[in-house]
Amino acid sequence: MATFTDAELEYLATQRLGRLATTSPDGSPHVVPVGYRLRADEGAIDIGGHGLADSQKWRNLQHDARVAFVIDDLASIDPWRPRGIQVRGRAELHDDGGGRMGPGFGDAWLRIHPDRVVAWGLDADAFGQPNSRDVETGT
């Protein structure tokens, strides 16, 4: 099964910022806005930034690679129509090579390998049942 549906891929391609959640060694949550690039061919999301290797999120991920990543916006305010995607998975850290990925990426970067994807408001009622599935099993 593909990591993302066609509607999810279309939406992810139109956005540039999301919020990355990590957990510190003492269990404290940490959430920050980050730029990203969709890697549809690999079913992954790459995240970069300036000074990423010196950041709290990088230190947290060295301890625990589990992440949650949310991309969302409002398709309309009248009627109220939120939409978005939550990706839960694990991060793979890379010390170099990010600079060639484009603006906003320094040398260090990370790749999110999704385990679970939850989407809402992309191709259905924003307040209906979200499209939630395990990436490996499709359920």
# chains A, B, ... in the order shown; residues from 1 in each chain; ligands from 1

call {"tool": "residues_around", "arguments": {"residues": "Ala65 (chain A)", "least_positions_apart": "2", "cutoff": "9 Å", "atoms": "only C-alpha atoms", "output": "list in words"}}
result
Thr22, Thr23, Asn60, Leu61, Gln62, His63, Val67, Gly89, Arg90, Ala91, Glu92 and Leu93 of chain A

call {"tool": "closest_atom_pairs", "arguments": {"of": "region 66-132 of chain A", "to": "region 46-55 of chain A", "cutoff": "12 Å", "atoms": "only C-alpha atoms", "output": "Markdown table"}}
result
| residue | atom | partner | partner_atom | distance |
| --- | --- | --- | --- | --- |
| A:Val67 | CA | A:Ile47 | CA | 11.8 |
| A:Phe69 | CA | A:Ile47 | CA | 10.2 |
| A:Arg90 | CA | A:Asp46 | CA | 11.7 |
| A:Ala91 | CA | A:Asp46 | CA | 9.2 |
| A:Glu92 | CA | A:Asp46 | CA | 9.4 |
| A:Leu93 | CA | A:Ala53 | CA | 9.1 |
| A:His94 | CA | A:Ala53 | CA | 9.0 |
| A:Asp95 | CA | A:Ala53 | CA | 7.3 |
| A:Asp96 | CA | A:Ala53 | CA | 9.6 |
| A:Gly97 | CA | A:Gly48 | CA | 10.3 |
| A:Gly98 | CA | A:Gly48 | CA | 6.8 |
| A:Gly99 | CA | A:Gly48 | CA | 8.7 |
| A:Arg100 | CA | A:Gly48 | CA | 10.8 |
| A:Met101 | CA | A:Gly48 | CA | 8.7 |
| A:Gly102 | CA | A:Gly48 | CA | 9.5 |
| A:Pro103 | CA | A:Gly49 | CA | 8.9 |
| A:Gly104 | CA | A:Gly49 | CA | 5.3 |
| A:Phe105 | CA | A:Gly49 | CA | 4.6 |
| A:Gly106 | CA | A:His50 | CA | 4.9 |
| A:Asp107 | CA | A:His50 | CA | 8.0 |
| A:Ala108 | CA | A:Ala53 | CA | 5.8 |
| A:Trp109 | CA | A:Gly48 | CA | 4.6 |
| A:Leu110 | CA | A:Ile47 | CA | 5.3 |
| A:Arg111 | CA | A:Asp46 | CA | 4.4 |
| A:Ile112 | CA | A:Asp46 | CA | 6.3 |
| A:His113 | CA | A:Asp46 | CA | 9.2 |
| A:Pro114 | CA | A:Asp46 | CA | 11.3 |

call {"tool": "residues_around", "arguments": {"residues": "region 9-16 of chain A", "least_positions_apart": "2", "cutoff": "8 Å", "atoms": "only C-alpha atoms", "output": "list of chain:residue names"}}
result
A:Phe4, A:Thr5, A:Asp6, A:Ala7, A:Gly18, A:Gly35, A:Tyr36, A:Arg37, A:Leu38, A:Ala40, A:Ile71, A:Leu122

call {"tool": "closest_residue", "arguments": {"among": "A:Val34, A:Arg116, A:Glu8, A:Val135", "to": "Arg83 (chain A)", "atoms": "only C-alpha atoms"}}
result
A:Glu8

call {"tool": "atom_distance", "arguments": {"atom1": "CA of Arg19 (chain A)", "atom2": "CA of Val87 (chain A)"}}
result
10.4 Å

call {"tool": "atom_distance", "arguments": {"atom1": "CA of Ala75 (chain A)", "atom2": "CA of Leu17 (chain A)"}}
result
15.5 Å

call {"tool": "closest_residue", "arguments": {"among": "A:Ile85, A:Ala44, A:Ala119, A:Ala68", "to": "Leu20 (chain A)", "atoms": "only C-alpha atoms"}}
result
A:Ala68

call {"tool": "select_by_dssp", "arguments": {"residues": "region 10-138 of chain A", "states": "alpha helix (DSSP H)", "output": "list in words"}}
result
Glu10, Tyr11, Leu12, Ala13, Thr14, Gln56, Lys57, Trp58, Arg59, Asn60, Leu61, Gln62 and His63 of chain A

call {"tool": "write_last_selection", "arguments": {"atoms": "N, CA and C atoms", "output": "mmCIF file, in the first residue's frame"}}
result
data_model
loop_
_atom_site.group_PDB
_atom_site.id
_atom_site.type_symbol
_atom_site.label_atom_id
_atom_site.label_comp_id
_atom_site.auth_asym_id
_atom_site.auth_seq_id
_atom_site.Cartn_x
_atom_site.Cartn_y
_atom_site.Cartn_z
ATOM 1 N N GLU A 10 -1.512 15.463 -2.965
ATOM 2 C CA GLU A 10 -1.855 16.765 -3.540
ATOM 3 C C GLU A 10 -1.797 17.855 -2.477
ATOM 4 N N TYR A 11 -2.368 17.577 -1.316
ATOM 5 C CA TYR A 11 -2.363 18.564 -0.233
ATOM 6 C C TYR A 11 -0.939 18.841 0.262
ATOM 7 N N LEU A 12 -0.173 17.795 0.530
ATOM 8 C CA LEU A 12 1.195 17.962 1.030
ATOM 9 C C LEU A 12 2.059 18.766 0.061
ATOM 10 N N ALA A 13 1.816 18.625 -1.229
ATOM 11 C CA ALA A 13 2.590 19.353 -2.228
ATOM 12 C C ALA A 13 2.287 20.848 -2.234
ATOM 13 N N THR A 14 1.153 21.262 -1.647
ATOM 14 C CA THR A 14 0.786 22.686 -1.640
ATOM 15 C C THR A 14 1.233 23.407 -0.383
ATOM 16 N N GLN A 56 17.039 21.590 19.948
ATOM 17 C CA GLN A 56 16.418 20.707 20.937
ATOM 18 C C GLN A 56 15.779 19.504 20.256
ATOM 19 N N LYS A 57 15.119 19.734 19.126
ATOM 20 C CA LYS A 57 14.465 18.614 18.433
ATOM 21 C C LYS A 57 15.488 17.557 18.003
ATOM 22 N N TRP A 58 16.656 17.977 17.543
ATOM 23 C CA TRP A 58 17.711 17.040 17.130
ATOM 24 C C TRP A 58 18.191 16.229 18.342
ATOM 25 N N ARG A 59 18.426 16.918 19.457
ATOM 26 C CA ARG A 59 18.862 16.209 20.673
ATOM 27 C C ARG A 59 17.785 15.232 21.141
ATOM 28 N N ASN A 60 16.527 15.652 21.081
ATOM 29 C CA ASN A 60 15.441 14.753 21.466
ATOM 30 C C ASN A 60 15.407 13.512 20.574
ATOM 31 N N LEU A 61 15.590 13.715 19.277
ATOM 32 C CA LEU A 61 15.524 12.593 18.338
ATOM 33 C C LEU A 61 16.705 11.642 18.467
ATOM 34 N N GLN A 62 17.821 12.123 18.968
ATOM 35 C CA GLN A 62 18.954 11.229 19.240
ATOM 36 C C GLN A 62 18.608 10.275 20.375
ATOM 37 N N HIS A 63 17.728 10.716 21.254
ATOM 38 C CA HIS A 63 17.290 9.897 22.398
ATOM 39 C C HIS A 63 16.108 9.000 22.031
#

call {"tool": "atom_distance", "arguments": {"atom1": "CA of Ala21 (chain A)", "atom2": "CA of Asn131 (chain A)"}}
result
20.6 Å

call {"tool": "closest_residue", "arguments": {"among": "A:Trp120, A:Ile45, A:Pro29, A:Asp64", "to": "Pro82 (chain A)", "atoms": "only C-alpha atoms"}}
result
A:Trp120

call {"tool": "select_by_dssp", "arguments": {"residues": "region 35-137 of chain A", "states": "strand (DSSP E)", "output": "ChimeraX atom specification"}}
result
/A:35-39,44-48,66-77,80-94,109-120,131-134
